[in-house]
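**Q** Just one file: upload15.cif, with mmCIF, C-alpha atoms; chains and numbers go by the auth columns.
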```
data_coords
#
loop_
_atom_site.group_PDB
_atom_site.id
_atom_site.type_symbol
_atom_site.label_atom_id
_atom_site.label_comp_id
_atom_site.label_asym_id
_atom_site.label_seq_id
_atom_site.Cartn_x
_atom_site.Cartn_y
_atom_site.Cartn_z
_atom_site.B_iso_or_equiv
_atom_site.auth_seq_id
_atom_site.auth_asym_id
ATOM 1 C CA MET A 1 -23.548 96.642 96.611 0.00 359 A
ATOM 2 C CA LYS A 2 -21.109 99.294 97.868 0.00 360 A
ATOM 3 C CA GLY A 3 -23.895 101.884 98.105 0.00 361 A
ATOM 4 C CA MET A 4 -26.029 99.450 100.087 0.00 362 A
ATOM 5 C CA ARG A 5 -23.197 98.842 102.563 0.00 363 A
ATOM 6 C CA PHE A 6 -22.706 102.608 102.941 0.00 364 A
ATOM 7 C CA MET A 7 -26.392 103.106 103.731 0.00 365 A
ATOM 8 C CA LEU A 8 -26.430 100.194 106.177 0.00 366 A
ATOM 9 C CA VAL A 9 -23.371 101.435 108.080 0.00 367 A
ATOM 10 C CA LYS A 10 -24.676 105.022 108.063 0.00 368 A
ATOM 11 C CA GLY A 11 -27.998 103.754 109.399 0.00 369 A
ATOM 12 C CA MET A 12 -26.200 101.844 112.147 0.00 370 A
ATOM 13 C CA ARG A 13 -24.278 104.995 113.062 0.00 371 A
ATOM 14 C CA GLY A 14 -27.560 106.912 113.181 0.00 372 A
ATOM 15 C CA PHE A 15 -29.027 104.294 115.528 0.00 373 A
ATOM 16 C CA VAL A 16 -25.945 104.409 117.775 0.00 374 A
ATOM 17 C CA LEU A 17 -25.966 108.210 117.977 0.00 375 A
ATOM 18 C CA LYS A 18 -29.685 108.937 118.072 0.00 376 A
ATOM 19 C CA VAL A 19 -31.001 105.953 120.069 0.00 377 A
ATOM 20 C CA LEU A 20 -28.201 104.175 121.923 0.00 378 A
ATOM 21 C CA TYR A 21 -26.364 107.360 123.030 0.00 379 A
ATOM 22 C CA PRO A 22 -29.396 108.955 124.763 0.00 380 A
ATOM 23 C CA PHE A 23 -30.181 105.629 126.429 0.00 381 A
ATOM 24 C CA LEU A 24 -26.612 105.289 127.718 0.00 382 A
ATOM 25 C CA MET A 25 -26.622 108.909 128.946 0.00 383 A
ATOM 26 C CA PHE A 26 -29.830 108.102 130.846 0.00 384 A
ATOM 27 C CA LEU A 27 -28.082 105.098 132.393 0.00 385 A
ATOM 28 C CA GLY A 28 -25.050 107.300 133.076 0.00 386 A
ATOM 29 C CA ALA A 29 -27.253 109.681 135.056 0.00 387 A
ATOM 30 C CA ILE A 30 -28.151 106.745 137.280 0.00 388 A
ATOM 31 C CA LYS A 31 -24.716 105.052 137.319 0.00 389 A
ATOM 32 C CA LYS A 32 -22.520 108.155 137.418 0.00 390 A
ATOM 33 C CA ASP A 33 -19.325 106.124 137.771 0.00 391 A
ATOM 34 C CA LYS A 34 -20.008 104.537 134.339 0.00 392 A
ATOM 35 C CA LYS A 35 -20.946 107.680 132.386 0.00 393 A
ATOM 36 C CA GLU A 36 -17.460 108.416 131.029 0.00 394 A
ATOM 37 C CA TRP A 37 -17.062 104.744 130.057 0.00 395 A
ATOM 38 C CA PHE A 38 -20.386 104.928 128.159 0.00 396 A
ATOM 39 C CA GLN A 39 -19.192 108.090 126.369 0.00 397 A
ATOM 40 C CA ARG A 40 -15.876 106.457 125.397 0.00 398 A
ATOM 41 C CA SER A 41 -17.777 103.434 124.105 0.00 399 A
ATOM 42 C CA ILE A 42 -19.996 105.598 121.906 0.00 400 A
ATOM 43 C CA ILE A 43 -16.969 107.496 120.563 0.00 401 A
ATOM 44 C CA SER A 44 -15.138 104.249 119.796 0.00 402 A
ATOM 45 C CA LEU A 45 -18.152 102.663 118.121 0.00 403 A
ATOM 46 C CA ASN A 46 -18.800 105.821 116.101 0.00 404 A
ATOM 47 C CA ASN A 47 -15.145 105.951 114.988 0.00 405 A
ATOM 48 C CA ARG A 48 -15.296 102.357 113.753 0.00 406 A
ATOM 49 C CA LEU A 49 -18.549 102.993 111.882 0.00 407 A
ATOM 50 C CA VAL A 50 -17.186 106.184 110.279 0.00 408 A
ATOM 51 C CA VAL A 51 -14.204 104.214 108.987 0.00 409 A
ATOM 52 C CA ALA A 52 -16.474 101.377 107.807 0.00 410 A
ATOM 53 C CA GLU A 53 -18.619 103.847 105.846 0.00 411 A
ATOM 54 C CA GLY A 54 -15.704 104.441 103.532 0.00 412 A
ATOM 55 C CA GLY A 55 -16.441 106.980 100.873 0.00 413 A
ATOM 56 C CA ASN A 56 -14.459 109.818 99.462 0.00 414 A
ATOM 57 C CA VAL A 57 -12.918 112.132 102.037 0.00 415 A
ATOM 58 C CA LYS A 58 -10.846 114.978 100.685 0.00 416 A
ATOM 59 C CA LYS A 59 -11.512 117.924 102.977 0.00 417 A
ATOM 60 C CA ILE A 60 -10.867 117.261 106.659 0.00 418 A
ATOM 61 C CA LEU A 61 -11.244 119.739 109.496 0.00 419 A
ATOM 62 C CA ILE A 62 -9.123 119.324 112.626 0.00 420 A
ATOM 63 C CA LEU A 63 -11.102 120.728 115.548 0.00 421 A
ATOM 64 C CA LEU A 64 -9.420 121.298 118.907 0.00 422 A
ATOM 65 C CA PRO A 65 -10.541 122.480 122.340 0.00 423 A
ATOM 66 C CA HIS A 66 -9.100 125.728 123.727 0.00 424 A
ATOM 67 C CA CYS A 67 -7.744 123.849 126.763 0.00 425 A
ATOM 68 C CA ILE A 68 -5.135 122.124 124.584 0.00 426 A
ATOM 69 C CA GLN A 69 -3.086 125.335 124.796 0.00 427 A
ATOM 70 C CA ILE A 70 -1.045 125.655 127.973 0.00 428 A
ATOM 71 C CA ASN A 71 -2.546 128.110 130.397 0.00 429 A
ATOM 72 C CA LYS A 72 0.730 129.995 130.962 0.00 430 A
ATOM 73 C CA CYS A 73 1.031 130.921 127.283 0.00 431 A
ATOM 74 C CA ASP A 74 0.706 134.666 126.790 0.00 432 A
ATOM 75 C CA VAL A 75 -0.476 134.292 123.184 0.00 433 A
ATOM 76 C CA ARG A 76 -4.181 133.578 122.708 0.00 434 A
ATOM 77 C CA ILE A 77 -4.949 131.283 119.791 0.00 435 A
ATOM 78 C CA THR A 78 -8.723 131.117 120.108 0.00 436 A
ATOM 79 C CA ASN A 79 -9.263 133.656 117.308 0.00 437 A
ATOM 80 C CA SER A 80 -6.609 132.128 115.068 0.00 438 A
ATOM 81 C CA ILE A 81 -4.555 129.054 115.802 0.00 439 A
ATOM 82 C CA TYR A 82 -1.853 130.560 113.601 0.00 440 A
ATOM 83 C CA ASN A 83 -1.151 133.130 116.334 0.00 441 A
ATOM 84 C CA CYS A 84 0.732 130.251 118.002 0.00 442 A
ATOM 85 C CA LYS A 85 4.457 130.980 118.410 0.00 443 A
ATOM 86 C CA ARG A 86 5.187 127.245 118.023 0.00 444 A
ATOM 87 C CA CYS A 87 7.358 127.051 121.119 0.00 445 A
ATOM 88 C CA GLY A 88 6.588 123.345 121.550 0.00 446 A
ATOM 89 C CA LYS A 89 5.378 123.561 125.165 0.00 447 A
ATOM 90 C CA CYS A 90 2.021 122.116 124.105 0.00 448 A
ATOM 91 C CA ALA A 91 0.748 119.977 121.235 0.00 449 A
ATOM 92 C CA VAL A 92 -0.541 122.927 119.180 0.00 450 A
ATOM 93 C CA LYS A 93 2.735 123.277 117.238 0.00 451 A
ATOM 94 C CA ASP A 94 2.641 119.622 116.166 0.00 452 A
ATOM 95 C CA LEU A 95 -1.060 119.730 115.304 0.00 453 A
ATOM 96 C CA ILE A 96 -0.550 122.808 113.117 0.00 454 A
ATOM 97 C CA GLY A 97 2.276 120.920 111.402 0.00 455 A
ATOM 98 C CA ILE A 98 -0.029 117.988 110.659 0.00 456 A
ATOM 99 C CA ALA A 99 -2.649 120.353 109.225 0.00 457 A
ATOM 100 C CA GLU A 100 -0.092 122.146 107.064 0.00 458 A
ATOM 101 C CA ARG A 101 1.467 118.925 105.749 0.00 459 A
ATOM 102 C CA ASN A 102 -1.960 117.638 104.761 0.00 460 A
ATOM 103 C CA ASN A 103 -3.352 120.997 103.575 0.00 461 A
ATOM 104 C CA MET A 104 -6.217 120.909 106.110 0.00 462 A
ATOM 105 C CA SER A 105 -8.198 123.424 108.095 0.00 463 A
ATOM 106 C CA ILE A 106 -7.426 123.500 111.803 0.00 464 A
ATOM 107 C CA HIS A 107 -9.424 125.480 114.342 0.00 465 A
ATOM 108 C CA ILE A 108 -9.789 125.977 118.071 0.00 466 A
ATOM 109 C CA ALA A 109 -13.307 125.980 119.532 0.00 467 A
ATOM 110 C CA THR A 110 -14.119 127.447 122.924 0.00 468 A
ATOM 111 C CA GLY A 111 -17.387 125.540 123.129 0.00 469 A
ATOM 112 C CA GLY A 112 -20.048 123.578 121.288 0.00 470 A
ATOM 113 C CA THR A 113 -21.740 126.571 119.653 0.00 471 A
ATOM 114 C CA LEU A 114 -18.483 127.791 118.142 0.00 472 A
ATOM 115 C CA ALA A 115 -17.558 124.242 117.107 0.00 473 A
ATOM 116 C CA ARG A 116 -20.850 123.900 115.201 0.00 474 A
ATOM 117 C CA LYS A 117 -20.264 127.291 113.521 0.00 475 A
ATOM 118 C CA ILE A 118 -16.748 126.297 112.461 0.00 476 A
ATOM 119 C CA VAL A 119 -18.024 123.029 110.957 0.00 477 A
ATOM 120 C CA PHE A 120 -20.784 124.952 109.139 0.00 478 A
ATOM 121 C CA ASP A 121 -18.341 127.572 107.816 0.00 479 A
ATOM 122 C CA VAL A 122 -15.595 125.128 106.748 0.00 480 A
ATOM 123 C CA ARG A 123 -17.991 122.521 105.305 0.00 481 A
ATOM 124 C CA PRO A 124 -15.567 119.597 105.477 0.00 482 A
ATOM 125 C CA ASP A 125 -16.192 116.055 104.272 0.00 483 A
ATOM 126 C CA ALA A 126 -15.124 114.830 107.719 0.00 484 A
ATOM 127 C CA VAL A 127 -13.852 116.108 111.068 0.00 485 A
ATOM 128 C CA VAL A 128 -11.121 114.867 113.368 0.00 486 A
ATOM 129 C CA ALA A 129 -12.128 116.297 116.738 0.00 487 A
ATOM 130 C CA VAL A 130 -10.159 116.408 119.968 0.00 488 A
ATOM 131 C CA ALA A 131 -11.987 116.962 123.258 0.00 489 A
ATOM 132 C CA CYS A 132 -12.999 115.322 126.510 0.00 490 A
ATOM 133 C CA GLU A 133 -15.427 112.400 126.367 0.00 491 A
ATOM 134 C CA ARG A 134 -18.442 114.533 127.296 0.00 492 A
ATOM 135 C CA ASP A 135 -17.833 117.168 124.610 0.00 493 A
ATOM 136 C CA LEU A 136 -16.756 114.625 121.985 0.00 494 A
ATOM 137 C CA SER A 137 -19.737 112.329 122.407 0.00 495 A
ATOM 138 C CA SER A 138 -22.282 115.155 122.387 0.00 496 A
ATOM 139 C CA GLY A 139 -20.493 116.906 119.506 0.00 497 A
ATOM 140 C CA ILE A 140 -20.460 113.739 117.401 0.00 498 A
ATOM 141 C CA VAL A 141 -24.212 113.377 117.990 0.00 499 A
ATOM 142 C CA ASP A 142 -24.830 117.054 117.124 0.00 500 A
ATOM 143 C CA ALA A 143 -22.781 116.798 113.915 0.00 501 A
ATOM 144 C CA TYR A 144 -24.494 113.649 112.587 0.00 502 A
ATOM 145 C CA PRO A 145 -24.613 112.773 109.660 0.00 503 A
ATOM 146 C CA MET A 146 -21.214 114.498 109.295 0.00 504 A
ATOM 147 C CA ARG A 147 -18.416 111.968 109.647 0.00 505 A
ATOM 148 C CA VAL A 148 -16.494 112.742 112.838 0.00 506 A
ATOM 149 C CA ILE A 149 -13.642 110.749 114.304 0.00 507 A
ATOM 150 C CA GLY A 150 -13.141 111.606 117.954 0.00 508 A
ATOM 151 C CA VAL A 151 -9.800 111.568 119.761 0.00 509 A
ATOM 152 C CA HIS A 152 -10.197 112.081 123.490 0.00 510 A
ATOM 153 C CA ASN A 153 -7.728 114.272 125.325 0.00 511 A
ATOM 154 C CA GLU A 154 -6.064 113.537 128.630 0.00 512 A
ATOM 155 C CA ARG A 155 -6.675 115.789 131.628 0.00 513 A
ATOM 156 C CA PRO A 156 -3.707 115.434 133.977 0.00 514 A
ATOM 157 C CA ASN A 157 -4.524 118.807 135.595 0.00 515 A
ATOM 158 C CA GLY A 158 -8.299 118.381 135.746 0.00 516 A
ATOM 159 C CA PRO A 159 -10.975 119.308 133.229 0.00 517 A
ATOM 160 C CA CYS A 160 -10.453 122.174 130.767 0.00 518 A
ATOM 161 C CA PHE A 161 -6.968 123.048 132.012 0.00 519 A
ATOM 162 C CA ASP A 162 -3.690 122.233 130.250 0.00 520 A
ATOM 163 C CA THR A 163 -5.079 119.133 128.555 0.00 521 A
ATOM 164 C CA VAL A 164 -2.917 117.002 126.278 0.00 522 A
ATOM 165 C CA VAL A 165 -3.548 114.800 123.273 0.00 523 A
ATOM 166 C CA ASP A 166 -1.573 112.023 121.658 0.00 524 A
ATOM 167 C CA VAL A 167 -0.630 113.686 118.359 0.00 525 A
ATOM 168 C CA ASN A 168 -0.003 110.261 116.823 0.00 526 A
ATOM 169 C CA LYS A 169 -3.663 109.334 117.392 0.00 527 A
ATOM 170 C CA VAL A 170 -4.770 112.507 115.595 0.00 528 A
ATOM 171 C CA GLU A 171 -2.478 111.725 112.673 0.00 529 A
ATOM 172 C CA LEU A 172 -3.694 108.109 112.579 0.00 530 A
ATOM 173 C CA ALA A 173 -7.320 109.302 112.455 0.00 531 A
ATOM 174 C CA ILE A 174 -6.491 111.607 109.530 0.00 532 A
ATOM 175 C CA ASN A 175 -4.585 108.906 107.673 0.00 533 A
ATOM 176 C CA THR A 176 -7.441 106.465 108.242 0.00 534 A
ATOM 177 C CA LEU A 177 -9.942 108.911 106.746 0.00 535 A
ATOM 178 C CA LEU A 178 -7.600 109.542 103.810 0.00 536 A
ATOM 179 C CA ARG A 179 -7.073 105.764 103.475 0.00 537 A
ATOM 180 C CA LYS A 180 -3.288 106.128 103.950 0.00 538 A
ATOM 181 C CA THR A 181 -3.101 103.284 106.488 0.00 539 A
#
```
Write out the structure in this file as structure tokens.

**A**
Amino acid sequence: MKGMRFMLVKGMRGFVLKVLYPFLMFLGAIKKDKKEWFQRSIISLNNRLVVAEGGNVKKILILLPHCIQINKCDVRITNSIYNCKRCGKCAVKDLIGIAERNNMSIHIATGGTLARKIVFDVRPDAVVAVACERDLSSGIVDAYPMRVIGVHNERPNGPCFDTVVDVNKVELAINTLLRKT
């Protein structure tokens, strides 16, 4: 019975990502003021279905956008997040701490192509991804059937510049995948 539920939920997630998402993006092209809302809805629905799938998740990748690092930082972390000096001026220090406490891979991606390469190289059971709604929703679709929980970032300074993320939401997503909640 458990295997049947898994297949049903996975099939529902496939329908959401491969049928409903393109339809909503078509509608979003017409109703531009609703596009971001459609993307958030897809991310939220996907997250709930990933959790409902259950299953054994041991290896989680934390994937972050490059814009999470403050622009004024003189240390570039795009090649290795561990170049971070952990000054605390952005969320990177805390996110590295979460990864280290949970013995997880954490990477910065400068775009979708690099994000896909990182996922391919790391080969995780699941991904906790942080990005804007546009990149998250399209990345979740691209990664299917990989289990991805998306956490959208906030853009107080506009897109792709000094973005922020609620670190507690990232930790909650990880704990949910690990069934610690």

**Q** Go through A:Arg505, A:Arg513, A:Arg444, A:Arg537 and flag the residue nearest Leu407 in chain A, using only C-alpha atoms for the distances.

**A**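 Among A:Arg505, A:Arg513, A:Arg444, A:Arg537, it is A:Arg505 that comes nearest to Leu407 in chain A.
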
**Q** What is the distance between CA of Glu512 in chain A and CA of Ser496 in chain A, in Å to one decimal?

**A**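 Atom-to-atom, CA of Glu512 in chain A and CA of Ser496 in chain A are spaced 17.5 Å apart.
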
**Q** Please provide as number ranges by chain all residues within 12 Å of Leu375 in chain A, with the sequence filter that same-chain residues fewer than 4 positions apart are discarded (counting only C-alpha atoms).

**A** A: 368-371, 379-383, 397, 399-405, 407-408, 494-506

**Q** Residues of the last selection are to be written out with C-alpha atoms, as a compact mmCIF listing (two decimals), in the frame of the given file.

**A**
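Generated output (selection_31.txt):
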```
# COMPACT_ATOMS: atom_id res chain seq x y z
CA LYS A 368 -24.68 105.02 108.06
CA GLY A 369 -28.00 103.75 109.40
CA MET A 370 -26.20 101.84 112.15
CA ARG A 371 -24.28 105.00 113.06
CA TYR A 379 -26.36 107.36 123.03
CA PRO A 380 -29.40 108.96 124.76
CA PHE A 381 -30.18 105.63 126.43
CA LEU A 382 -26.61 105.29 127.72
CA MET A 383 -26.62 108.91 128.95
CA GLN A 397 -19.19 108.09 126.37
CA SER A 399 -17.78 103.43 124.10
CA ILE A 400 -20.00 105.60 121.91
CA ILE A 401 -16.97 107.50 120.56
CA SER A 402 -15.14 104.25 119.80
CA LEU A 403 -18.15 102.66 118.12
CA ASN A 404 -18.80 105.82 116.10
CA ASN A 405 -15.14 105.95 114.99
CA LEU A 407 -18.55 102.99 111.88
CA VAL A 408 -17.19 106.18 110.28
CA LEU A 494 -16.76 114.62 121.98
CA SER A 495 -19.74 112.33 122.41
CA SER A 496 -22.28 115.16 122.39
CA GLY A 497 -20.49 116.91 119.51
CA ILE A 498 -20.46 113.74 117.40
CA VAL A 499 -24.21 113.38 117.99
CA ASP A 500 -24.83 117.05 117.12
CA ALA A 501 -22.78 116.80 113.92
CA TYR A 502 -24.49 113.65 112.59
CA PRO A 503 -24.61 112.77 109.66
CA MET A 504 -21.21 114.50 109.30
CA ARG A 505 -18.42 111.97 109.65
CA VAL A 506 -16.49 112.74 112.84
```

**Q** Run through the PyMOL selection byres ((chain A and resi 454) around 12) on the given coordinates and return the selected residues as JSON, numbers by chain.

**A** {"A": [419, 420, 421, 422, 435, 438, 439, 440, 441, 442, 443, 444, 446, 448, 449, 450, 451, 452, 453, 455, 456, 457, 458, 459, 460, 461, 462, 463, 464, 465, 466, 525, 528, 529]}

**Q** Mind dumping the selected residues with C-alpha atoms as an mmCIF file, keeping the file's coordinate frame?

**A**
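Listing of selection-v8.cif after writing:
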```
data_model
loop_
_atom_site.group_PDB
_atom_site.id
_atom_site.type_symbol
_atom_site.label_atom_id
_atom_site.label_comp_id
_atom_site.auth_asym_id
_atom_site.auth_seq_id
_atom_site.Cartn_x
_atom_site.Cartn_y
_atom_site.Cartn_z
ATOM 1 C CA LEU A 419 -11.244 119.739 109.496
ATOM 2 C CA ILE A 420 -9.123 119.324 112.626
ATOM 3 C CA LEU A 421 -11.102 120.728 115.548
ATOM 4 C CA LEU A 422 -9.420 121.298 118.907
ATOM 5 C CA ILE A 435 -4.949 131.283 119.791
ATOM 6 C CA SER A 438 -6.609 132.128 115.068
ATOM 7 C CA ILE A 439 -4.555 129.054 115.802
ATOM 8 C CA TYR A 440 -1.853 130.560 113.601
ATOM 9 C CA ASN A 441 -1.151 133.130 116.334
ATOM 10 C CA CYS A 442 0.732 130.251 118.002
ATOM 11 C CA LYS A 443 4.457 130.980 118.410
ATOM 12 C CA ARG A 444 5.187 127.245 118.023
ATOM 13 C CA GLY A 446 6.588 123.345 121.550
ATOM 14 C CA CYS A 448 2.021 122.116 124.105
ATOM 15 C CA ALA A 449 0.748 119.977 121.235
ATOM 16 C CA VAL A 450 -0.541 122.927 119.180
ATOM 17 C CA LYS A 451 2.735 123.277 117.238
ATOM 18 C CA ASP A 452 2.641 119.622 116.166
ATOM 19 C CA LEU A 453 -1.060 119.730 115.304
ATOM 20 C CA GLY A 455 2.276 120.920 111.402
ATOM 21 C CA ILE A 456 -0.029 117.988 110.659
ATOM 22 C CA ALA A 457 -2.649 120.353 109.225
ATOM 23 C CA GLU A 458 -0.092 122.146 107.064
ATOM 24 C CA ARG A 459 1.467 118.925 105.749
ATOM 25 C CA ASN A 460 -1.960 117.638 104.761
ATOM 26 C CA ASN A 461 -3.352 120.997 103.575
ATOM 27 C CA MET A 462 -6.217 120.909 106.110
ATOM 28 C CA SER A 463 -8.198 123.424 108.095
ATOM 29 C CA ILE A 464 -7.426 123.500 111.803
ATOM 30 C CA HIS A 465 -9.424 125.480 114.342
ATOM 31 C CA ILE A 466 -9.789 125.977 118.071
ATOM 32 C CA VAL A 525 -0.630 113.686 118.359
ATOM 33 C CA VAL A 528 -4.770 112.507 115.595
ATOM 34 C CA GLU A 529 -2.478 111.725 112.673
#
```

**Q** Would you mind telling me which residue in A:Lys416, A:Arg481, A:His424, A:Lys393 lies nearest to Thr534 in chain A when using all atoms listed in the file?

**A**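 Selected residue with least distance to Thr534 in chain A: A:Lys416.
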
**Q** What does the distance between CA of Pro482 in chain A and CA of Phe396 in chain A come to in Å, to one decimal place?

**A**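 We find that CA of Pro482 in chain A and CA of Phe396 in chain A lie 27.4 Å from each other.
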
**Q** Report the distance between CA of Gly469 in chain A and CA of Arg492 in chain A in Å, rounded to one decimal place.

**A**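 Computing it gives 11.8 Å between the two atoms.
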
**Q** Measuring atom to atom with only C-alpha atoms, identify which of A:Ala473, A:Leu536, A:Ile426, A:Val480 is nearest to Pro514 in chain A.

**A**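 Looking only at the distances to Pro514 in chain A, the closest residue turns out to be A:Ile426.
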
**Q** Counting all atoms listed in the file, which of A:Asn533, A:Cys445, A:Gly412, A:His510 gets nearest to Cys490 in chain A?

**A**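 Using all atoms listed in the file, Cys490 in chain A sits closest to A:His510.
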
**Q** When you count only C-alpha atoms, which of these residues is closest to Gly413 in chain A: A:Val522, A:Leu535, A:Gly386, A:Ala489?

**A**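 Counting only C-alpha atoms, the residue closest to Gly413 in chain A is A:Leu535.
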
**Q** With distances taken over all atoms listed in the file, which residue among A:Ile388, A:Val374, A:Cys518, A:Ile507 lies nearest Asp483 in chain A?

**A**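 Using all atoms listed in the file, the shortest distance to Asp483 in chain A belongs to A:Ile507.
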